[in-house]
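Participant: So here's start.csv, just CSV, C-alpha atoms:
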chain,number,residue,atom,x,y,z
A,1,ASP,CA,95.7,106.7,76.2
A,2,VAL,CA,93.1,107.3,78.8
A,3,LYS,CA,94.1,110.0,81.2
A,4,VAL,CA,92.7,110.7,84.7
A,5,THR,CA,94.3,113.7,86.2
A,6,GLN,CA,94.1,114.7,89.9
A,7,SER,CA,94.8,118.4,90.6
A,8,SER,CA,97.3,117.9,93.3
A,9,ARG,CA,99.8,115.2,94.2
A,10,TYR,CA,100.3,116.4,97.8
A,11,LEU,CA,98.1,118.7,100.0
A,12,VAL,CA,98.5,119.8,103.6
A,13,LYS,CA,95.4,121.3,105.2
A,14,ARG,CA,94.4,122.4,108.7
A,15,THR,CA,91.7,120.8,110.8
A,16,GLY,CA,88.4,122.4,110.1
A,17,GLU,CA,89.3,123.6,106.6
A,18,LYS,CA,87.0,122.9,103.6
A,19,VAL,CA,89.1,120.9,101.1
A,20,PHE,CA,88.4,120.3,97.4
A,21,LEU,CA,90.0,117.5,95.5
A,22,GLU,CA,89.5,117.7,91.7
A,23,CYS,CA,89.6,115.0,89.1
A,24,VAL,CA,89.3,115.3,85.4
A,25,GLN,CA,89.2,112.5,82.8
A,26,ASP,CA,89.5,112.9,79.0
A,27,MET,CA,87.9,109.7,77.7
A,28,ASP,CA,84.2,110.6,77.9
A,29,HIS,CA,83.6,108.0,80.6
A,30,GLU,CA,80.2,107.8,82.2
A,31,ASN,CA,81.4,106.5,85.6
A,32,MET,CA,83.7,108.3,88.0
A,33,PHE,CA,84.8,107.2,91.5
A,34,TRP,CA,86.6,108.4,94.6
A,35,TYR,CA,88.5,106.0,96.8
A,36,ARG,CA,90.7,106.4,99.8
A,37,GLN,CA,93.7,104.1,100.3
A,38,ASP,CA,95.0,103.3,103.7
A,39,PRO,CA,97.6,100.7,104.8
A,40,GLY,CA,96.0,97.4,105.6
A,41,LEU,CA,92.6,98.5,104.4
A,42,GLY,CA,93.1,98.6,100.6
A,43,LEU,CA,90.9,100.9,98.6
A,44,ARG,CA,87.6,101.9,100.0
A,45,LEU,CA,84.9,103.6,97.9
A,46,ILE,CA,83.8,107.0,99.1
A,47,TYR,CA,81.4,108.1,96.4
A,48,PHE,CA,80.7,107.3,92.8
A,49,SER,CA,78.8,108.9,89.9
A,50,TYR,CA,77.3,107.3,86.9
A,51,ASP,CA,76.2,110.5,85.1
A,52,VAL,CA,76.4,114.2,85.4
A,53,LYS,CA,74.7,115.5,88.6
A,54,MET,CA,74.1,111.9,89.7
A,55,LYS,CA,75.9,110.4,92.7
A,56,GLU,CA,75.8,107.4,94.9
A,57,LYS,CA,77.3,106.8,98.4
A,58,GLY,CA,80.0,104.2,98.6
A,59,ASP,CA,81.2,102.4,101.7
A,60,ILE,CA,82.6,105.3,103.7
A,61,PRO,CA,80.8,108.5,102.7
A,62,GLU,CA,80.7,110.2,106.1
A,63,GLY,CA,82.5,113.5,106.2
A,64,TYR,CA,82.6,113.8,102.4
A,65,SER,CA,80.5,115.1,99.6
A,66,VAL,CA,80.9,115.2,95.8
A,67,SER,CA,80.0,117.3,92.8
A,68,ARG,CA,79.7,116.4,89.2
A,69,GLU,CA,78.6,119.3,87.1
A,70,LYS,CA,80.3,118.2,83.9
A,71,LYS,CA,80.9,114.8,82.6
A,72,GLU,CA,84.7,115.0,82.7
A,73,ARG,CA,85.1,116.4,86.2
A,74,PHE,CA,84.3,114.9,89.6
A,75,SER,CA,85.2,116.7,92.8
A,76,LEU,CA,85.5,115.4,96.3
A,77,ILE,CA,84.8,117.8,99.1
A,78,LEU,CA,85.8,117.5,102.7
A,79,GLU,CA,83.4,119.9,104.4
A,80,SER,CA,85.5,120.2,107.6
A,81,ALA,CA,88.7,118.3,107.4
A,82,SER,CA,89.8,116.2,110.3
A,83,THR,CA,93.0,114.4,111.1
A,84,ASN,CA,91.4,111.0,110.5
A,85,GLN,CA,90.9,112.0,106.8
A,86,THR,CA,94.7,112.0,106.3
A,87,SER,CA,95.0,109.5,103.5
A,88,MET,CA,95.8,108.8,99.9
A,89,TYR,CA,92.8,109.7,97.7
A,90,LEU,CA,92.4,108.0,94.3
A,91,CYS,CA,90.1,109.1,91.5
A,92,ALA,CA,89.0,106.6,88.8
A,93,SER,CA,86.7,106.5,85.8
A,94,SER,CA,85.2,103.8,83.6
A,95,LYS,CA,82.9,103.5,80.6
A,96,GLY,CA,79.3,102.9,81.4
A,97,HIS,CA,78.9,99.3,80.2
A,98,PRO,CA,79.7,95.9,81.6
A,99,ASN,CA,83.1,94.3,82.1
A,100,THR,CA,85.1,97.4,81.6
A,101,GLU,CA,88.0,98.3,83.9
A,102,ALA,CA,88.5,101.5,85.8
A,103,PHE,CA,91.4,103.9,85.0
A,104,PHE,CA,93.0,105.6,87.9
A,105,GLY,CA,94.7,108.9,88.5
A,106,GLN,CA,98.0,109.2,90.3
A,107,GLY,CA,96.5,110.0,93.7
A,108,THR,CA,96.5,112.9,96.1
A,109,ARG,CA,98.3,112.5,99.4
A,110,LEU,CA,96.3,114.6,101.8
A,111,THR,CA,97.6,115.4,105.3
A,112,VAL,CA,95.4,117.2,107.8
A,113,VAL,CA,97.2,118.8,110.6
B,1,GLY,CA,77.6,92.3,99.4
B,2,ASP,CA,80.6,91.8,97.2
B,3,SER,CA,84.0,91.2,98.8
B,4,VAL,CA,87.5,90.2,97.9
B,5,THR,CA,90.1,88.5,100.1
B,6,GLN,CA,93.7,88.3,99.1
B,7,MET,CA,96.7,87.0,100.8
B,8,GLU,CA,98.5,89.2,103.3
B,9,GLY,CA,101.9,90.5,102.5
B,10,PRO,CA,104.5,91.5,102.3
B,11,VAL,CA,105.9,88.8,100.0
B,12,THR,CA,109.6,88.8,99.5
B,13,LEU,CA,111.1,86.7,96.7
B,14,SER,CA,114.4,86.3,95.0
B,15,GLU,CA,114.7,87.3,91.3
B,16,GLU,CA,113.5,84.5,89.0
B,17,ALA,CA,111.4,82.9,91.7
B,18,PHE,CA,107.8,81.7,91.0
B,19,LEU,CA,105.1,84.0,92.3
B,20,THR,CA,101.6,83.2,93.5
B,21,ILE,CA,99.3,85.7,95.1
B,22,ASN,CA,96.0,84.2,96.2
B,23,CYS,CA,92.7,85.9,95.7
B,24,THR,CA,89.2,84.7,96.5
B,25,TYR,CA,85.9,86.6,96.1
B,26,THR,CA,82.3,86.6,97.1
B,27,ALA,CA,79.7,88.0,94.7
B,28,THR,CA,76.3,87.3,93.3
B,29,GLY,CA,75.9,86.6,89.6
B,30,TYR,CA,78.8,86.8,87.3
B,31,PRO,CA,81.4,89.4,88.2
B,32,SER,CA,84.4,90.5,86.2
B,33,LEU,CA,87.7,90.0,87.9
B,34,PHE,CA,90.8,92.2,87.7
B,35,TRP,CA,94.4,92.5,89.0
B,36,TYR,CA,95.8,96.0,89.4
B,37,VAL,CA,99.3,96.9,90.2
B,38,GLN,CA,100.6,100.0,92.0
B,39,TYR,CA,104.2,101.0,91.7
B,40,PRO,CA,105.7,103.3,94.3
B,41,GLY,CA,104.3,106.8,94.2
B,42,GLU,CA,101.8,106.0,91.4
B,43,GLY,CA,98.2,105.3,90.9
B,44,LEU,CA,96.8,101.9,90.0
B,45,GLN,CA,97.2,100.3,86.6
B,46,LEU,CA,95.3,97.5,85.2
B,47,LEU,CA,97.5,94.4,84.9
B,48,LEU,CA,95.0,91.8,83.6
B,49,LYS,CA,91.3,90.9,83.6
B,50,ALA,CA,88.9,88.1,83.0
B,51,THR,CA,85.2,88.5,82.4
B,52,LYS,CA,83.8,85.0,82.6
B,53,ALA,CA,84.4,81.6,84.1
B,54,ASP,CA,87.5,79.8,82.9
B,55,ASP,CA,88.9,82.9,81.1
B,56,LYS,CA,92.6,83.4,81.6
B,57,GLY,CA,93.9,87.0,81.7
B,58,SER,CA,97.6,87.5,81.0
B,59,ASN,CA,100.0,90.4,80.6
B,60,LYS,CA,103.7,91.0,81.1
B,61,GLY,CA,104.2,87.3,82.1
B,62,PHE,CA,101.5,87.4,84.7
B,63,GLU,CA,98.5,85.1,84.5
B,64,ALA,CA,95.3,84.5,86.4
B,65,THR,CA,92.4,82.2,85.7
B,66,TYR,CA,88.8,82.9,86.6
B,67,ARG,CA,87.7,79.8,88.6
B,68,LYS,CA,84.0,80.0,89.4
B,69,GLU,CA,83.9,76.7,91.2
B,70,THR,CA,86.4,77.9,93.8
B,71,THR,CA,85.6,81.6,93.5
B,72,SER,CA,89.3,82.3,93.0
B,73,PHE,CA,91.5,84.4,90.7
B,74,HIS,CA,95.1,83.7,91.8
B,75,LEU,CA,97.9,85.7,90.2
B,76,GLU,CA,101.0,83.8,89.0
B,77,LYS,CA,104.2,84.6,87.3
B,78,GLY,CA,106.9,82.1,86.5
B,79,SER,CA,110.0,84.2,87.0
B,80,VAL,CA,109.8,87.6,88.8
B,81,GLN,CA,112.1,90.5,88.3
B,82,VAL,CA,113.2,93.3,90.6
B,83,SER,CA,111.0,95.6,88.4
B,84,ASP,CA,107.9,93.6,89.5
B,85,SER,CA,108.2,95.0,93.1
B,86,ALA,CA,104.9,96.8,93.7
B,87,VAL,CA,101.6,96.4,95.5
B,88,TYR,CA,99.1,94.1,93.7
B,89,PHE,CA,95.3,94.4,94.2
B,90,CYS,CA,92.7,91.9,93.3
B,91,ALA,CA,89.3,93.4,92.4
B,92,LEU,CA,85.9,92.5,91.1
B,93,LEU,CA,83.2,94.4,89.2
B,94,GLY,CA,79.7,93.3,90.2
B,95,SER,CA,77.4,92.1,87.5
B,96,GLY,CA,74.3,93.9,88.7
B,97,GLY,CA,73.3,97.5,89.1
B,98,TYR,CA,75.9,100.2,89.3
B,99,GLN,CA,79.4,99.4,88.2
B,100,LYS,CA,81.2,99.5,91.5
B,101,VAL,CA,84.6,97.9,91.8
B,102,THR,CA,85.4,96.2,95.0
B,103,PHE,CA,89.1,95.8,95.9
B,104,GLY,CA,91.1,93.5,98.1
B,105,THR,CA,93.5,95.0,100.7
B,106,GLY,CA,96.6,94.6,98.4
B,107,THR,CA,99.7,92.5,98.6
B,108,LYS,CA,103.1,94.1,98.6
B,109,LEU,CA,105.7,92.2,96.6
B,110,GLN,CA,109.4,92.8,97.0
B,111,VAL,CA,111.8,91.1,94.7
B,112,ILE,CA,115.4,91.1,95.7
B,113,PRO,CA,118.4,90.5,93.3
What would the structure in this file look like if it were written as C-alpha coordinates?
Facilitator:
Amino acid sequence: DVKVTQSSRYLVKRTGEKVFLECVQDMDHENMFWYRQDPGLGLRLIYFSYDVKMKEKGDIPEGYSVSREKKERFSLILESASTNQTSMYLCASSKGHPNTEAFFGQGTRLTVV
Amino acid sequence: GDSVTQMEGPVTLSEEAFLTINCTYTATGYPSLFWYVQYPGEGLQLLLKATKADDKGSNKGFEATYRKETTSFHLEKGSVQVSDSAVYFCALLGSGGYQKVTFGTGTKLQVIP
(Lines of atoms letter the chains of each structure in order from A and count residues from 1; the text may use other names and numbers.)
(Lines give C-alpha, C1' and ligand atoms only; values in the text may rest on other atoms or scores of the structure.)
Protein backbone atom coordinates (compact mmCIF):
# COMPACT_ATOMS: atom_id res chain seq x y z
CA ASP A 1 0.00 0.00 0.00
CA VAL A 2 1.11 3.50 -0.77
CA LYS A 3 1.74 5.44 2.38
CA VAL A 4 1.92 9.17 2.78
CA THR A 5 2.80 10.15 6.32
CA GLN A 6 2.47 13.60 7.82
CA SER A 7 4.55 14.20 10.90
CA SER A 8 1.80 15.61 13.13
CA ARG A 9 -1.98 15.20 13.31
CA TYR A 10 -2.46 18.31 15.46
CA LEU A 11 -0.27 21.36 16.01
CA VAL A 12 -0.79 24.54 18.00
CA LYS A 13 1.60 27.41 17.29
CA ARG A 14 1.85 31.05 18.25
CA THR A 15 1.54 33.97 15.87
CA GLY A 16 4.92 34.83 14.38
CA GLU A 17 6.47 31.40 14.90
CA LYS A 18 8.19 29.57 12.07
CA VAL A 19 6.33 26.33 11.46
CA PHE A 20 7.47 23.21 9.65
CA LEU A 21 5.05 20.58 8.35
CA GLU A 22 6.72 17.40 7.16
CA CYS A 23 5.50 14.82 4.70
CA VAL A 24 7.08 11.53 3.66
CA GLN A 25 5.95 9.07 0.98
CA ASP A 26 7.24 5.55 0.50
CA MET A 27 6.33 4.78 -3.12
CA ASP A 28 9.05 6.62 -5.01
CA HIS A 29 6.54 9.11 -6.42
CA GLU A 30 7.86 11.98 -8.48
CA ASN A 31 5.12 14.48 -7.63
CA MET A 32 4.31 15.83 -4.20
CA PHE A 33 1.72 18.43 -3.21
CA TRP A 34 0.61 20.56 -0.28
CA TYR A 35 -3.04 21.58 -0.01
CA ARG A 36 -4.98 23.41 2.62
CA GLN A 37 -8.59 22.49 3.32
CA ASP A 38 -11.09 24.99 4.64
CA PRO A 39 -14.87 24.66 5.04
CA GLY A 40 -16.71 25.82 1.94
CA LEU A 41 -13.49 26.25 -0.04
CA GLY A 42 -12.51 22.66 -0.64
CA LEU A 43 -8.84 21.90 -1.23
CA ARG A 44 -6.60 24.65 -2.48
CA LEU A 45 -3.13 23.96 -3.78
CA ILE A 46 -0.32 25.78 -2.01
CA TYR A 47 2.78 24.35 -3.70
CA PHE A 48 3.77 21.27 -5.61
CA SER A 49 7.00 19.62 -6.62
CA TYR A 50 7.65 17.35 -9.59
CA ASP A 51 11.24 16.48 -8.74
CA VAL A 52 13.87 16.90 -6.07
CA LYS A 53 14.70 20.57 -5.52
CA MET A 54 11.99 21.61 -8.00
CA LYS A 55 8.89 23.47 -6.89
CA GLU A 56 5.98 25.32 -8.42
CA LYS A 57 3.56 27.74 -6.85
CA GLY A 58 -0.01 26.64 -6.59
CA ASP A 59 -3.05 28.83 -6.18
CA ILE A 60 -2.32 30.26 -2.73
CA PRO A 61 1.45 30.32 -2.10
CA GLU A 62 1.59 33.58 -0.17
CA GLY A 63 2.99 33.16 3.32
CA TYR A 64 4.34 29.68 2.59
CA SER A 65 7.50 28.12 1.24
CA VAL A 66 8.52 24.52 0.58
CA SER A 67 11.59 22.34 0.52
CA ARG A 68 12.27 19.09 -1.27
CA GLU A 69 15.82 17.90 -0.67
CA LYS A 70 15.02 14.20 -1.02
CA LYS A 71 12.53 12.51 -3.31
CA GLU A 72 10.48 11.03 -0.49
CA ARG A 73 10.17 14.16 1.67
CA PHE A 74 8.33 17.41 1.07
CA SER A 75 8.22 20.10 3.73
CA LEU A 76 5.85 23.04 4.03
CA ILE A 77 7.17 26.06 5.89
CA LEU A 78 5.16 28.90 7.36
CA GLU A 79 7.79 31.62 7.72
CA SER A 80 5.79 33.64 10.25
CA ALA A 81 2.57 31.96 11.23
CA SER A 82 -0.60 34.04 11.31
CA THR A 83 -4.08 33.25 12.58
CA ASN A 84 -5.46 33.12 9.02
CA GLN A 85 -3.22 30.13 8.42
CA THR A 86 -5.22 28.08 10.89
CA SER A 87 -6.42 25.21 8.72
CA MET A 88 -6.18 21.54 7.82
CA TYR A 89 -3.08 20.85 5.72
CA LEU A 90 -2.99 17.84 3.43
CA CYS A 91 0.04 16.38 1.72
CA ALA A 92 -0.28 14.20 -1.37
CA SER A 93 1.95 12.37 -3.83
CA SER A 94 1.55 10.84 -7.28
CA LYS A 95 3.59 9.13 -9.95
CA GLY A 96 4.99 11.33 -12.66
CA HIS A 97 2.97 10.12 -15.60
CA PRO A 98 -0.51 10.84 -16.96
CA ASN A 99 -3.83 9.72 -15.54
CA THR A 100 -2.49 8.71 -12.16
CA GLU A 101 -4.28 9.56 -8.96
CA ALA A 102 -2.84 11.34 -5.95
CA PHE A 103 -2.48 9.60 -2.58
CA PHE A 104 -3.08 11.63 0.55
CA GLY A 105 -1.76 11.74 4.06
CA GLN A 106 -4.10 12.00 7.03
CA GLY A 107 -3.71 15.72 7.39
CA THR A 108 -2.32 18.11 9.98
CA ARG A 109 -4.77 20.31 11.84
CA LEU A 110 -2.81 23.51 12.53
CA THR A 111 -4.10 26.12 14.95
CA VAL A 112 -2.29 29.45 15.18
CA VAL A 113 -3.09 31.42 18.33
CA GLY B 1 -7.75 27.59 -15.91
CA ASP B 2 -9.17 24.29 -14.78
CA SER B 3 -12.13 24.29 -12.43
CA VAL B 4 -14.56 21.87 -10.82
CA THR B 5 -18.07 22.69 -9.62
CA GLN B 6 -19.99 20.27 -7.46
CA MET B 7 -23.33 20.50 -5.77
CA GLU B 8 -23.49 22.13 -2.40
CA GLY B 9 -24.22 20.10 0.65
CA PRO B 10 -24.94 18.87 3.09
CA VAL B 11 -27.01 16.09 1.60
CA THR B 12 -29.06 14.05 4.05
CA LEU B 13 -30.52 10.72 2.93
CA SER B 14 -32.20 7.79 4.57
CA GLU B 15 -30.47 4.44 4.41
CA GLU B 16 -31.10 2.60 1.11
CA ALA B 17 -31.95 5.82 -0.74
CA PHE B 18 -30.51 6.65 -4.16
CA LEU B 19 -27.62 9.08 -4.21
CA THR B 20 -26.57 11.55 -6.89
CA ILE B 21 -23.88 14.17 -6.38
CA ASN B 22 -23.46 16.43 -9.38
CA CYS B 23 -20.07 17.47 -10.69
CA THR B 24 -19.19 19.55 -13.75
CA TYR B 25 -15.79 20.69 -14.87
CA THR B 26 -13.97 23.16 -17.09
CA ALA B 27 -10.66 22.12 -18.58
CA THR B 28 -8.74 22.22 -21.81
CA GLY B 29 -7.79 19.01 -23.54
CA TYR B 30 -8.62 15.65 -22.04
CA PRO B 31 -8.45 15.63 -18.26
CA SER B 32 -8.74 12.60 -16.02
CA LEU B 33 -11.59 12.75 -13.52
CA PHE B 34 -11.75 11.45 -9.96
CA TRP B 35 -14.01 11.12 -6.97
CA TYR B 36 -12.34 11.14 -3.58
CA VAL B 37 -13.96 10.43 -0.22
CA GLN B 38 -12.97 11.80 3.17
CA TYR B 39 -14.24 10.05 6.27
CA PRO B 40 -14.30 12.03 9.53
CA GLY B 41 -10.82 12.72 10.87
CA GLU B 42 -9.05 11.19 7.90
CA GLY B 43 -7.30 12.21 4.71
CA LEU B 44 -8.74 11.75 1.23
CA GLN B 45 -9.04 8.33 -0.38
CA LEU B 46 -9.58 7.67 -4.05
CA LEU B 47 -13.07 6.30 -4.62
CA LEU B 48 -13.08 5.95 -8.41
CA LYS B 49 -11.64 7.45 -11.54
CA ALA B 50 -12.14 7.73 -15.32
CA THR B 51 -9.44 8.71 -17.75
CA LYS B 52 -11.28 9.23 -21.03
CA ALA B 53 -14.69 10.12 -22.41
CA ASP B 54 -17.47 7.57 -21.81
CA ASP B 55 -15.37 5.66 -19.26
CA LYS B 56 -17.30 4.54 -16.21
CA GLY B 57 -15.48 4.38 -12.91
CA SER B 58 -16.94 2.19 -10.18
CA ASN B 59 -16.08 1.08 -6.65
CA LYS B 60 -18.00 -0.01 -3.53
CA GLY B 61 -21.33 0.40 -5.35
CA PHE B 62 -20.54 3.95 -6.46
CA GLU B 63 -20.41 4.83 -10.17
CA ALA B 64 -19.59 7.85 -12.29
CA THR B 65 -19.45 8.24 -16.08
CA TYR B 66 -17.12 10.68 -17.85
CA ARG B 67 -19.42 12.73 -20.10
CA LYS B 68 -17.37 15.00 -22.32
CA GLU B 69 -20.38 16.43 -24.15
CA THR B 70 -21.84 17.78 -20.90
CA THR B 71 -18.46 18.14 -19.09
CA SER B 72 -19.87 16.18 -16.17
CA PHE B 73 -18.88 13.35 -13.84
CA HIS B 74 -21.84 12.80 -11.53
CA LEU B 75 -21.47 10.35 -8.65
CA GLU B 76 -24.27 7.82 -8.09
CA LYS B 77 -25.06 4.98 -5.75
CA GLY B 78 -28.20 2.93 -5.82
CA SER B 79 -28.57 2.27 -2.10
CA VAL B 80 -26.57 4.24 0.47
CA GLN B 81 -25.56 2.96 3.88
CA VAL B 82 -24.84 4.79 7.12
CA SER B 83 -21.17 3.94 6.58
CA ASP B 84 -21.19 6.07 3.40
CA SER B 85 -21.50 9.24 5.49
CA ALA B 86 -18.48 11.31 4.50
CA VAL B 87 -17.39 14.27 2.40
CA TYR B 88 -17.09 13.58 -1.34
CA PHE B 89 -14.77 15.57 -3.61
CA CYS B 90 -14.83 15.67 -7.38
CA ALA B 91 -11.44 16.38 -8.94
CA LEU B 92 -9.69 16.61 -12.26
CA LEU B 93 -6.13 16.11 -13.42
CA GLY B 94 -5.28 18.36 -16.34
CA SER B 95 -3.86 16.81 -19.47
CA GLY B 96 -1.13 19.33 -20.10
CA GLY B 97 1.99 20.41 -18.29
CA TYR B 98 2.39 19.62 -14.64
CA GLN B 99 0.12 17.09 -13.04
CA LYS B 100 -1.86 19.38 -10.84
CA VAL B 101 -5.14 18.12 -9.42
CA THR B 102 -8.00 20.62 -9.10
CA PHE B 103 -10.72 19.86 -6.54
CA GLY B 104 -14.32 20.86 -6.09
CA THR B 105 -15.45 22.27 -2.76
CA GLY B 106 -16.75 18.94 -1.46
CA THR B 107 -20.24 17.64 -0.66
CA LYS B 108 -21.00 16.35 2.79
CA LEU B 109 -23.27 13.31 2.82
CA GLN B 110 -25.10 12.20 5.92
CA VAL B 111 -27.01 8.94 5.83
CA ILE B 112 -29.49 8.34 8.62
CA PRO B 113 -30.82 4.93 9.65
Participant: Write out as a JSON list (two decimals) with C-alpha atoms, in the coordinates of the input which residues come within 7 Å of range 10-18 of chain A when counting all atoms listed in the file, dropping same-chain ones fewer than 4 positions away.
Facilitator:
[["chain", "number", "residue", "atom", "x", "y", "z"],
["A", 78, "LEU", "CA", 85.80, 117.50, 102.70],
["A", 79, "GLU", "CA", 83.40, 119.90, 104.40],
["A", 80, "SER", "CA", 85.50, 120.20, 107.60],
["A", 81, "ALA", "CA", 88.70, 118.30, 107.40],
["A", 82, "SER", "CA", 89.80, 116.20, 110.30],
["A", 83, "THR", "CA", 93.00, 114.40, 111.10],
["A", 108, "THR", "CA", 96.50, 112.90, 96.10],
["A", 109, "ARG", "CA", 98.30, 112.50, 99.40],
["A", 110, "LEU", "CA", 96.30, 114.60, 101.80],
["A", 111, "THR", "CA", 97.60, 115.40, 105.30],
["A", 112, "VAL", "CA", 95.40, 117.20, 107.80],
["A", 113, "VAL", "CA", 97.20, 118.80, 110.60]]
Participant: Give me, please, the distance in Å between CA of Lys53 in chain A and CA of Leu41 in chain A, quoted to one decimal.
Facilitator: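 That distance, rounded to one decimal, is 29.3 Å.
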Participant: Using only C-alpha atoms, which residue out of B:Thr5, B:Leu13, B:Tyr30, B:Phe18 lies closest to Ser72 in chain B?
Facilitator: B:Thr5
Participant: Write out as a list in words every residue belonging to chain B that has an atom at most 9 Å from any atom of chain A, counting all atoms listed in the file.
Facilitator: Glu8, Pro31, Ser32, Leu33, Phe34, Gly41, Glu42, Gly43, Leu44, Gln45, Leu46, Lys49, Ala50, Thr51, Phe89, Leu93, Gly94, Ser95, Tyr98, Gln99, Lys100, Val101, Thr102, Phe103, Gly104, Thr105 and Gly106 of chain B
Participant: Can you work out which one of A:Val24, A:Val66, A:Tyr35, A:Glu30 has the shortest atom-to-atom distance to Val52 in chain A, counting only C-alpha atoms?
Facilitator: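 Using only C-alpha atoms, Val52 in chain A sits closest to A:Glu30.
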Participant: Measuring atom to atom with all atoms listed in the file, identify which of B:Asn59, B:Gln110, B:Thr12, B:Thr65 is nearest to Val87 in chain B.
Facilitator: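 Under the stated criterion, the closest residue is B:Gln110.
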Participant: List the spatial neighbours of Thr20 in chain B as a ChimeraX atom specification - criterion: any atom at most 7 Å away, all atoms listed in the file, same-chain residues fewer than 4 positions off excluded.
Facilitator: /B:74-77
Participant: Find the distance between CA of Thr5 in chain A and CA of Trp34 in chain A and write it in Å to one decimal.
Facilitator: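 So the two atoms, CA of Thr5 in chain A and CA of Trp34 in chain A, lie 12.6 Å apart.
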Participant: How many Å lie between CA of Leu76 in chain A and CA of Pro61 in chain A, rounded to one decimal?
Facilitator: 10.5 Å
Participant: From the options B:Gly57, B:Pro113, B:Pro40, B:Gly29, which residue's atoms come nearest to Thr71 in chain B, counting only C-alpha atoms?
Facilitator: B:Gly29
Participant: Nearest to Ala91 in chain B: which of B:Ala17, B:Met7, B:Tyr25, B:Lys56 is it, counting all atoms listed in the file?
Facilitator: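 Closest candidate: B:Tyr25.
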Participant: Name the closest residue to Met27 in chain A among the candidates A:Arg73, A:Lys55, A:Arg68, A:Lys3; distances are taken between atoms, counting only C-alpha atoms.
Facilitator: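 Of the candidates, the smallest distance to Met27 in chain A is held by A:Lys3.
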